[in-house]
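To keep things clear, I will list the structure first and then write my remarks on it.
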Amino acid sequence: MNTALASPGPLIREWRTRRRMSQLDLAMEAEISQRHLSFVESGRAKPSRDMVLHLAERLALPLRETNRLLLAAGYAPGFDENRLDEPAMAPALAAVETVLKAHEPNPAFAVDRHWNLVRANAALAPFLAGVSDPALLAPPVNALRLSLHPQGVAPLIVNFAEWRDHVVERLRRLNQAVADPVIVELERELRGYPVPKRTGPPAPARDYSPIAVPLRLRMDGMMLSFISTITVFGTPLDVTLSELAIESFFPADAATAEAMRAMAAERDAAPPP
């Protein structure tokens, strides 16, 4: 391993700065002296493996970045990284599919670290029927691009500007946490999407601001309104698993809940393809 890779100091300093922590702040969090931390950052002192893991925890590093920091210090990665199609991931994917199925008749989907679709439940399909650009549905399907692209789901979104701002802000916060160049580029792309022209009457005024930003859609003459939650695995030990997230949409009113039940009944009654 070359000298550059064997010095974790620049990475620690980069993440400390990203977390808006001074050397003293991090030293106090890690319960070490500021002098020792300064020596680690400058390369004058080589931290032990345990110290690298300790600093990564204090900096709230994602597992992927913790592995990178360990490698930079000359140690083996501390966390496995299995592909989703590997046998080791089967129990986790089964759990994801159970959660998605249990959320029906309401839509939910799972995504990877770049918001590419991994799994979705049957309730999502009706919302994709009007997508006019087939390329948006070609794997890997990016859930955020699909939702905000003018030839994707965007024409259905009544409060598009509000929802786009919410999504972009979510990506901005994610970039602060993980510093992923793919997410940086995705954020830039989404900011450039035009606001679709509104068709039909405006959405009824409902103030969800104390709770959540709603997603309001107009489909087949119906006004549907949802609020969403993000679920992640609580104690992952695999890099890929730590980056999986499930977004679940809940009806924000009784009319939307009834519409979701009706769509599910229609799917159940349809003959198999």
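In the structure tokens, each chain is lettered A, B, ... as it comes, each chain's residues begin at 1, and ligands are numbered from 1 in order of appearance.
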Under the rule of at most 7 Å, produce a per-residue listing of segment 214-264 of chain A near segment 74-86 of chain A: chain, number, name, the closest pair of atoms, and the distance in Å, as a Markdown table, using only C-alpha atoms.
| residue | atom | partner | partner_atom | distance |
| --- | --- | --- | --- | --- |
| A:Leu237 | CA | A:Phe79 | CA | 6.0 |
| A:Asp238 | CA | A:Asp80 | CA | 5.0 |
| A:Val239 | CA | A:Glu81 | CA | 4.9 |
| A:Thr240 | CA | A:Glu81 | CA | 5.7 |
How would the residues just picked look written out with all heavy atoms as a tab-separated table (two decimals), in the first residue's frame?
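Result saved to part_30.tsv:
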chain	number	residue	atom	x	y	z
A	237	LEU	N	-24.81	-4.34	9.11
A	237	LEU	CA	-23.37	-4.62	9.14
A	237	LEU	C	-22.83	-4.82	7.73
A	237	LEU	O	-21.66	-5.17	7.57
A	237	LEU	CB	-23.09	-5.86	9.99
A	237	LEU	CG	-23.44	-5.73	11.47
A	237	LEU	CD1	-23.21	-7.04	12.20
A	237	LEU	CD2	-22.63	-4.61	12.13
A	238	ASP	N	-23.67	-4.61	6.73
A	238	ASP	CA	-23.28	-4.72	5.33
A	238	ASP	C	-23.47	-3.36	4.67
A	238	ASP	O	-24.49	-2.69	4.90
A	238	ASP	CB	-24.13	-5.78	4.63
A	238	ASP	CG	-23.77	-5.93	3.16
A	238	ASP	OD1	-24.29	-5.16	2.34
A	238	ASP	OD2	-22.95	-6.81	2.85
A	239	VAL	N	-22.50	-2.96	3.86
A	239	VAL	CA	-22.55	-1.64	3.23
A	239	VAL	C	-23.80	-1.48	2.37
A	239	VAL	O	-24.53	-0.48	2.47
A	239	VAL	CB	-21.28	-1.40	2.38
A	239	VAL	CG1	-21.42	-0.10	1.57
A	239	VAL	CG2	-20.05	-1.34	3.26
A	240	THR	N	-24.08	-2.46	1.53
A	240	THR	CA	-25.24	-2.37	0.64
A	240	THR	C	-26.53	-2.29	1.44
A	240	THR	O	-27.42	-1.50	1.12
A	240	THR	CB	-25.27	-3.59	-0.31
A	240	THR	OG1	-24.06	-3.64	-1.04
A	240	THR	CG2	-26.44	-3.49	-1.27
Next on the checklist: What parts of segment 60-118 of chain A does DSSP call strand (DSSP E)? I'd like the answer as a VMD selection string.
Outcome noted: chain A and resid 108 to 111 117 to 118
Checklist entry - Can you tell me how far atom CA of Pro194 of chain A sits from atom CA of Val158 of chain A, in Å to one decimal? => result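 Atom CA of Pro194 of chain A sits 13.6 Å away from atom CA of Val158 of chain A.
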Item to check | Residue among A:Pro271, A:Thr256, A:Ile246, A:Ala179 lying closest to Arg18 of chain A, counting only C-alpha atoms | outcome: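 Going through A:Pro271, A:Thr256, A:Ile246, A:Ala179 one by one, the smallest distance to Arg18 of chain A is for A:Ala179.
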Next on the checklist: What's around Leu148 of chain A at 10 Å? Count only C-alpha atoms, leave out sequence neighbours fewer than 3 positions away in its own chain, and write the answer as a PyMOL selection string.
Outcome noted: chain A and resi 143-145+151-157+160-161+163-164+167+190-191+193-196
Checklist entry - Would you give me, as a PyMOL selection string, the residues in segment 28-167 of chain A that DSSP reads as helix (DSSP H, G or I)? => result chain A and resi 28-30+34-42+49-58+63-72+87-103+122-128+134-137+143-148+154-156+160-167
Checklist entry - Which one is closest to Glu247 of chain A: A:Asp112, A:Glu189, A:Asp133, A:Glu29? Count only C-alpha atoms. => result A:Asp112
Item to check | Atom-to-atom span, atom CA of Arg170 of chain A and atom CA of Ser147 of chain A, Å | outcome: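 It comes out at 14.2 Å.
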Checklist entry - Any idea what's packed within 12 Å of Leu11 of chain A, counting only C-alpha atoms, ignoring anything in its chain fewer than 2 positions away? Could you give it as a ChimeraX atom specification? => result /A:4-9,13-18,40-43,52,55-56,59,61,65-73,179
Item to check | Nearest candidate to Val168 of chain A (options A:Gly192, A:Met51, A:Val182, A:Ala92; using only C-alpha atoms) | outcome: A:Gly192
Item to check | Point-to-point distance in Å for atom CA of Ile183 of chain A and atom CA of Arg58 of chain A | outcome: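 Interatomic distance here is 23.6 Å.
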Item to check | Pick from A:Pro214, A:His54, A:Phe233, A:Phe249 nearest to Ala27 of chain A, counting only C-alpha atoms | outcome: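 Under the stated criterion, the closest residue is A:His54.
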Checklist entry - With only C-alpha atoms as the basis for distance, which of A:Asn121, A:Asn116, A:Thr231, A:Ser132 is at the shortest distance from Leu100 of chain A? => result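 With only C-alpha atoms as the atom set, the closest residue is A:Asn121.
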Checklist entry - Looking at only C-alpha atoms, which of A:Ala30, A:Leu37, A:Ala122, A:Ala252 is the one that sits closest to Leu53 of chain A? => result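 Ranked by minimum distance to Leu53 of chain A, first place goes to A:Ala30.
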